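Colleague: Structure file data18.txt (compact mmCIF, C-alpha atoms) right here:
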```
# COMPACT_ATOMS: atom_id res chain seq x y z
CA MET A 184 5.17 12.91 -27.98
CA PRO A 185 5.68 10.29 -30.71
CA ILE A 186 2.65 8.21 -31.68
CA PHE A 187 2.43 5.07 -33.80
CA THR A 188 -0.47 2.93 -34.98
CA SER A 189 -0.93 -0.59 -33.60
CA ASN A 190 -3.95 -2.23 -35.18
CA ASP A 191 -6.94 -0.14 -34.01
CA ALA A 192 -5.06 2.03 -31.47
CA GLN A 193 -2.72 5.00 -31.57
CA ILE A 194 -0.01 4.29 -29.01
CA ASN A 195 1.79 7.15 -27.26
CA TYR A 196 5.43 6.41 -26.42
CA GLN A 197 8.71 8.11 -25.60
CA THR A 198 12.34 7.01 -25.65
CA PHE A 199 15.19 8.09 -23.41
CA GLY A 200 18.94 7.67 -23.77
CA ASP A 201 21.17 6.29 -26.51
CA ALA A 202 19.49 4.09 -29.14
CA THR A 203 22.71 2.09 -29.60
CA LYS A 204 22.51 0.79 -26.02
CA PRO A 205 20.44 -2.25 -24.93
CA ALA A 206 16.70 -1.56 -25.04
CA LEU A 207 14.59 -1.66 -21.88
CA VAL A 208 10.79 -1.32 -22.22
CA PHE A 209 8.52 -0.27 -19.34
CA SER A 210 4.77 -1.06 -19.19
CA ASN A 211 2.40 0.78 -16.83
CA SER A 212 -0.20 -0.50 -14.39
CA LEU A 213 -3.97 -0.16 -14.76
CA GLY A 214 -5.10 3.45 -14.44
CA THR A 215 -1.64 5.03 -14.74
CA LYS A 216 0.47 6.38 -17.59
CA PHE A 217 4.12 5.92 -18.43
CA SER A 218 5.18 8.88 -16.27
CA MET A 219 4.76 6.49 -13.32
CA TRP A 220 8.17 5.13 -14.38
CA GLN A 221 10.04 8.45 -13.88
CA PRO A 222 12.31 7.06 -11.10
CA GLN A 223 13.26 4.22 -13.45
CA ILE A 224 13.71 6.50 -16.48
CA ASP A 225 16.09 8.68 -14.46
CA PHE A 226 18.06 5.67 -13.21
CA PHE A 227 18.32 3.48 -16.32
CA GLN A 228 18.71 5.88 -19.23
CA LYS A 229 22.47 6.19 -18.68
CA ASP A 230 23.04 2.52 -19.53
CA TYR A 231 19.94 1.57 -21.53
CA PHE A 232 17.80 2.82 -24.38
CA VAL A 233 14.64 3.25 -22.28
CA VAL A 234 11.30 2.89 -24.07
CA CYS A 235 8.10 3.86 -22.27
CA TYR A 236 4.57 3.77 -23.64
CA ASP A 237 0.99 4.28 -22.51
CA THR A 238 -1.00 1.04 -22.65
CA ARG A 239 -3.97 1.35 -25.03
CA GLY A 240 -6.82 3.14 -23.26
CA HIS A 241 -4.39 5.04 -21.02
CA GLY A 242 -2.59 8.38 -21.02
CA GLY A 243 -1.87 9.76 -24.48
CA SER A 244 -2.81 6.53 -26.26
CA THR A 245 -6.28 6.23 -27.78
CA ALA A 246 -9.06 4.16 -26.22
CA PRO A 247 -10.81 2.22 -28.98
CA GLN A 248 -14.09 0.59 -28.03
CA GLY A 249 -13.47 -2.56 -25.99
CA PRO A 250 -13.43 -5.07 -24.53
CA TYR A 251 -9.69 -5.57 -24.99
CA GLN A 252 -7.84 -8.87 -24.77
CA LEU A 253 -4.43 -9.56 -23.25
CA ASP A 254 -3.03 -10.55 -26.64
CA GLN A 255 -3.88 -7.06 -27.96
CA LEU A 256 -1.89 -5.49 -25.12
CA GLY A 257 1.02 -7.79 -25.91
CA GLN A 258 0.89 -7.25 -29.67
CA ASP A 259 1.05 -3.48 -29.09
CA VAL A 260 4.50 -4.03 -27.52
CA ILE A 261 5.70 -6.17 -30.43
CA HIS A 262 4.48 -3.51 -32.87
CA LEU A 263 6.31 -0.85 -30.84
CA LEU A 264 9.56 -2.83 -31.03
CA ASP A 265 9.05 -3.25 -34.78
CA HIS A 266 8.32 0.47 -35.16
CA LEU A 267 11.60 1.30 -33.38
CA ASN A 268 13.56 -1.43 -35.23
CA ILE A 269 14.44 -3.14 -31.95
CA GLN A 270 15.10 -6.83 -32.48
CA LYS A 271 15.55 -7.78 -28.84
CA ALA A 272 14.83 -5.96 -25.58
CA ALA A 273 14.42 -6.33 -21.85
CA PHE A 274 10.87 -5.77 -20.61
CA CYS A 275 9.63 -4.53 -17.24
CA GLY A 276 5.91 -4.40 -16.49
CA ILE A 277 3.99 -3.80 -13.28
CA SER A 278 0.55 -5.19 -12.37
CA MET A 279 -1.35 -5.19 -15.70
CA GLY A 280 2.01 -4.54 -17.39
CA GLY A 281 3.37 -7.60 -15.60
CA LEU A 282 0.63 -9.74 -17.12
CA THR A 283 1.59 -8.28 -20.51
CA GLY A 284 5.20 -9.27 -19.77
CA GLN A 285 4.18 -12.85 -19.07
CA TRP A 286 2.24 -13.00 -22.35
CA LEU A 287 5.29 -11.69 -24.21
CA ALA A 288 7.59 -14.25 -22.59
CA ILE A 289 5.17 -17.03 -23.58
CA ASN A 290 4.39 -15.89 -27.13
CA HIS A 291 7.49 -13.97 -28.29
CA PRO A 292 10.50 -15.26 -26.31
CA GLU A 293 12.80 -14.55 -29.25
CA ARG A 294 12.26 -10.79 -28.77
CA PHE A 295 13.29 -10.61 -25.09
CA ASN A 296 16.50 -11.32 -23.21
CA HIS A 297 15.10 -10.54 -19.74
CA VAL A 298 11.57 -10.02 -18.43
CA ILE A 299 10.74 -8.33 -15.12
CA VAL A 300 7.19 -8.72 -13.81
CA ALA A 301 6.32 -6.73 -10.70
CA ASN A 302 3.28 -6.81 -8.43
CA THR A 303 1.41 -9.16 -10.69
CA ALA A 304 0.08 -12.70 -11.01
CA ALA A 305 -0.59 -15.25 -13.72
CA LYS A 306 -4.26 -14.56 -13.01
CA ILE A 307 -5.09 -11.30 -11.23
CA GLY A 308 -8.29 -11.28 -9.17
CA GLN A 309 -11.62 -12.77 -10.17
CA GLU A 310 -13.43 -12.43 -13.48
CA GLN A 311 -16.73 -11.26 -11.98
CA ALA A 312 -15.08 -8.53 -9.90
CA TRP A 313 -13.30 -7.13 -12.97
CA LEU A 314 -16.51 -7.15 -15.00
CA GLU A 315 -18.36 -5.37 -12.19
CA ARG A 316 -15.62 -2.74 -12.00
CA ALA A 317 -15.79 -2.22 -15.78
CA ALA A 318 -19.55 -1.73 -15.55
CA LEU A 319 -19.17 0.71 -12.65
CA VAL A 320 -16.62 2.81 -14.52
CA ARG A 321 -18.74 2.93 -17.68
CA ALA A 322 -21.72 4.06 -15.59
CA GLN A 323 -20.06 6.47 -13.15
CA GLY A 324 -16.67 7.37 -14.64
CA LEU A 325 -13.33 7.04 -12.90
CA ALA A 326 -13.88 9.35 -9.92
CA PRO A 327 -15.08 6.57 -7.54
CA ILE A 328 -12.06 4.40 -8.44
CA ALA A 329 -9.59 7.28 -8.21
CA SER A 330 -10.81 8.34 -4.76
CA THR A 331 -9.80 4.98 -3.24
CA ALA A 332 -6.82 4.04 -5.42
CA ALA A 333 -4.09 5.24 -3.06
CA SER A 334 -5.03 2.72 -0.37
CA ARG A 335 -4.63 -0.12 -2.89
CA TRP A 336 -1.42 1.26 -4.38
CA PHE A 337 0.63 2.33 -1.37
CA THR A 338 1.20 1.69 2.34
CA GLU A 339 -0.23 4.23 4.77
CA PRO A 340 3.21 5.58 5.83
CA PHE A 341 4.09 6.27 2.18
CA ILE A 342 0.74 8.01 1.60
CA GLN A 343 1.29 10.22 4.64
CA SER A 344 4.84 11.24 3.70
CA ASN A 345 4.49 11.52 -0.11
CA ALA A 346 1.23 13.40 -0.61
CA ALA A 347 2.26 15.08 -3.87
CA ILE A 348 3.27 11.82 -5.57
CA VAL A 349 0.10 10.07 -4.43
CA ALA A 350 -2.09 12.98 -5.54
CA GLU A 351 -0.50 13.09 -9.00
CA LEU A 352 -1.07 9.39 -9.64
CA SER A 353 -4.63 9.55 -8.27
CA ASN A 354 -5.38 12.60 -10.42
CA ASP A 355 -3.99 10.86 -13.51
CA LEU A 356 -6.35 7.96 -12.85
CA GLY A 357 -9.34 10.27 -12.40
CA ALA A 358 -8.53 12.13 -15.62
CA GLY A 359 -8.19 8.95 -17.68
CA SER A 360 -10.52 7.36 -20.23
CA PRO A 361 -13.39 5.41 -18.61
CA GLU A 362 -13.75 3.31 -21.78
CA GLY A 363 -10.02 2.53 -21.87
CA TYR A 364 -9.94 1.61 -18.18
CA ALA A 365 -13.08 -0.53 -18.41
CA SER A 366 -11.83 -2.28 -21.54
CA CYS A 367 -8.56 -3.16 -19.79
CA CYS A 368 -10.55 -4.46 -16.80
CA GLU A 369 -12.28 -6.78 -19.27
CA ALA A 370 -8.89 -7.97 -20.56
CA LEU A 371 -7.83 -8.72 -16.98
CA ALA A 372 -11.12 -10.53 -16.33
CA LYS A 373 -10.32 -13.10 -19.02
CA ALA A 374 -6.53 -13.33 -18.66
CA ASP A 375 -5.33 -16.58 -17.08
CA LEU A 376 -1.76 -17.65 -17.85
CA ARG A 377 -1.31 -20.16 -15.01
CA GLU A 378 -0.77 -23.10 -17.36
CA GLN A 379 1.00 -21.24 -20.15
CA ILE A 380 3.76 -19.72 -18.00
CA LYS A 381 5.14 -23.22 -17.44
CA SER A 382 6.57 -22.96 -20.97
CA VAL A 383 8.53 -19.74 -20.34
CA SER A 384 12.28 -20.06 -20.96
CA VAL A 385 13.30 -16.37 -20.89
CA PRO A 386 14.98 -15.33 -17.61
CA VAL A 387 12.28 -13.76 -15.41
CA LEU A 388 12.57 -11.60 -12.29
CA ILE A 389 9.39 -11.57 -10.21
CA VAL A 390 9.08 -8.57 -7.84
CA ALA A 391 6.55 -8.97 -5.03
CA GLY A 392 5.37 -6.32 -2.59
CA GLN A 393 5.29 -7.67 0.95
CA GLN A 394 2.42 -5.30 1.76
CA ASP A 395 0.57 -5.75 -1.55
CA PRO A 396 -3.12 -6.60 -0.98
CA VAL A 397 -3.86 -7.01 -4.72
CA THR A 398 -1.15 -9.35 -6.02
CA THR A 399 0.37 -11.10 -3.04
CA VAL A 400 3.71 -12.71 -2.28
CA ALA A 401 1.87 -16.06 -2.58
CA ASP A 402 0.87 -15.12 -6.15
CA ALA A 403 4.53 -14.39 -6.92
CA GLN A 404 5.68 -17.66 -5.34
CA ALA A 405 3.20 -19.57 -7.51
CA MET A 406 4.65 -17.89 -10.61
CA GLN A 407 8.20 -18.66 -9.53
CA HIS A 408 7.23 -22.31 -9.01
CA SER A 409 5.88 -22.47 -12.60
CA ILE A 410 8.63 -20.55 -14.43
CA VAL A 411 11.84 -22.60 -14.55
CA ASN A 412 14.30 -19.76 -15.13
CA SER A 413 12.90 -17.29 -12.61
CA GLN A 414 13.86 -15.62 -9.37
CA LEU A 415 11.79 -13.85 -6.73
CA PHE A 416 12.62 -10.52 -5.10
CA GLU A 417 10.43 -9.37 -2.23
CA ILE A 418 10.20 -5.66 -1.55
CA ASN A 419 8.74 -3.81 1.45
CA ALA A 420 6.00 -2.01 -0.47
CA SER A 421 2.39 -2.23 -1.52
CA HIS A 422 1.10 -2.52 -5.11
CA ILE A 423 3.16 0.12 -6.95
CA SER A 424 6.53 -0.92 -5.59
CA SER A 425 8.49 0.85 -8.36
CA VAL A 426 7.34 4.18 -6.90
CA GLU A 427 7.13 3.33 -3.20
CA GLN A 428 10.58 1.68 -3.05
CA ALA A 429 12.19 3.06 -6.19
CA GLU A 430 15.80 2.66 -5.06
CA ALA A 431 15.44 -1.00 -4.00
CA PHE A 432 13.38 -1.74 -7.12
CA ASN A 433 15.96 -0.19 -9.44
CA GLN A 434 18.86 -2.02 -7.80
CA ALA A 435 17.09 -5.38 -8.05
CA VAL A 436 16.34 -4.82 -11.74
CA GLN A 437 19.87 -3.58 -12.45
CA ILE A 438 21.44 -6.66 -10.83
CA PHE A 439 19.09 -8.97 -12.73
CA LEU A 440 19.79 -7.33 -16.10
CA ALA A 441 23.54 -7.46 -15.54
CA ALA A 442 23.58 -11.16 -14.61
```
Just dump the structure as structure tokens.

Modeller:
Amino acid sequence: MPIFTSNDAQINYQTFGDATKPALVFSNSLGTKFSMWQPQIDFFQKDYFVVCYDTRGHGGSTAPQGPYQLDQLGQDVIHLLDHLNIQKAAFCGISMGGLTGQWLAINHPERFNHVIVANTAAKIGQEQAWLERAALVRAQGLAPIASTAASRWFTEPFIQSNAAIVAELSNDLGAGSPEGYASCCEALAKADLREQIKSVSVPVLIVAGQQDPVTTVADAQAMQHSIVNSQLFEINASHISSVEQAEAFNQAVQIFLAA
């Protein structure tokens, strides 16, 4: 796997498809790694130069001592584009990756032609809850979080009928870096883009899971209300909609990118 250095972190990434085609970057959710995007890699690499990476603290990327800040997560993406000599790309992030996408649209609009933010919010959850989760993970590791993750990520019917997929993602979470996970929780604790997203001019697709208990349809509607050039797509899924409803997710993104 290729690795590059972004400030204090070594970032693990992989590219798929033809580098002369339009670039499309995917950013993972908290506690996952870029393999979560396999249904999207398979679908989009025919028409796009697909770039996937592990957010700092996750997967094959290093986990420097935190806390992290959202601007570090965003700068890692800019450094990745620079490393690959990509001047302009489309970006698709889910949950934590969706918050990264909002930061990029606010701070580096010149680098992106489309931004897709899925199962996310301009402010996710409450600061104290994130700080408590970070403290728990540093004290007890990721096993307690991993054992309950599936119920936050997926609907019960999906869990029952896709045991192998659910187990793989849960196992990846449990095998991750406690420091990296906790440090990203601390970034999420402080991240609040509710005012800043009003300045976004890049076209934005907001994907909301109708069954998502973490980032709700109401969160997505609030974002759509604030971002002038945005559209909302609701999907019958819980928090990791790109896995639970991969076909509908891919079609919505494909239509948006082609518009």

Colleague: Within 12 Å of (13.8, -20.5, -23.3), only C-alpha atoms: residues as a VMD selection string?

Modeller: chain A and resid 288 to 298 380 to 387 410 to 413

Colleague: Keeping C-alpha atoms, export the residues of the selection given above as a compact mmCIF listing (two decimals), in the frame of the given file.

Modeller:
```
# COMPACT_ATOMS: atom_id res chain seq x y z
CA ALA A 288 7.59 -14.25 -22.59
CA ILE A 289 5.17 -17.03 -23.58
CA ASN A 290 4.39 -15.89 -27.13
CA HIS A 291 7.49 -13.97 -28.29
CA PRO A 292 10.50 -15.26 -26.31
CA GLU A 293 12.80 -14.55 -29.25
CA ARG A 294 12.26 -10.79 -28.77
CA PHE A 295 13.29 -10.61 -25.09
CA ASN A 296 16.50 -11.32 -23.21
CA HIS A 297 15.10 -10.54 -19.74
CA VAL A 298 11.57 -10.02 -18.43
CA ILE A 380 3.76 -19.72 -18.00
CA LYS A 381 5.14 -23.22 -17.44
CA SER A 382 6.57 -22.96 -20.97
CA VAL A 383 8.53 -19.74 -20.34
CA SER A 384 12.28 -20.06 -20.96
CA VAL A 385 13.30 -16.37 -20.89
CA PRO A 386 14.98 -15.33 -17.61
CA VAL A 387 12.28 -13.76 -15.41
CA ILE A 410 8.63 -20.55 -14.43
CA VAL A 411 11.84 -22.60 -14.55
CA ASN A 412 14.30 -19.76 -15.13
CA SER A 413 12.90 -17.29 -12.61
```

Colleague: Given all atoms listed in the file, how would the per-residue table for segment 202-309 of chain A near segment 336-347 of chain A read, listing every residue at most 12 Å away with its closest atom pair and distance in Å to one decimal, sorted by chain and number, as a Markdown table?

Modeller:
```
| residue | atom | partner | partner_atom | distance |
| --- | --- | --- | --- | --- |
| A:Ser212 | CA | A:Trp336 | CA | 10.2 |
| A:Leu213 | CA | A:Trp336 | CA | 10.8 |
| A:Gly214 | CA | A:Trp336 | CA | 10.9 |
| A:Thr215 | CA | A:Trp336 | CA | 11.0 |
| A:Ile277 | CA | A:Trp336 | CA | 11.6 |
| A:Ser278 | CA | A:Trp336 | CA | 10.5 |
| A:Asn302 | CA | A:Trp336 | CA | 10.2 |
```

Colleague: From the list A:Asp395, A:Ala401, A:Val300, A:His422, which residue is nearest Ala435 of chain A when using only C-alpha atoms?

Modeller: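 Counting only C-alpha atoms, the residue closest to Ala435 of chain A is A:Val300.
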
Colleague: Interatomic distance between atom CA of Leu256 of chain A and atom CA of Ile328 of chain A?

Modeller: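 A separation of 21.9 Å between them.
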
Colleague: Can you pull out the residues contacting Thr203 of chain A? Cut-off 12 Å, using all atoms listed in the file, and skip same-chain residues under 5 positions away; I want them as a ChimeraX atom specification.

Modeller: /A:228-233,267-269,272

Colleague: So that I can see what lies close to Tyr236 of chain A, please list as JSON, numbers by chain the residues with an atom at most 10 Å from it, counting all atoms listed in the file and leaving out residues fewer than 4 positions away in the same chain.

Modeller: {"A": [185, 186, 194, 195, 196, 197, 198, 208, 209, 210, 211, 216, 217, 218, 241, 242, 243, 244, 259, 260, 263]}

Colleague: Closest to Ala365 of chain A among A:Gly200, A:Gly249, A:Pro222, A:Pro396, using all atoms listed in the file?

Modeller: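 Nearest candidate to Ala365 of chain A out of A:Gly200, A:Gly249, A:Pro222, A:Pro396: A:Gly249.
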
Colleague: What does the distance from atom CA of Leu314 of chain A to atom CA of Ala372 of chain A come to in Å, to one decimal?

Modeller: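 Separation between atom CA of Leu314 of chain A and atom CA of Ala372 of chain A: 6.5 Å.
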
Colleague: Using Å and a single decimal, report how far atom CA of Thr238 of chain A sits from atom CA of Ser366 of chain A.

Modeller: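 A separation of 11.4 Å between them.
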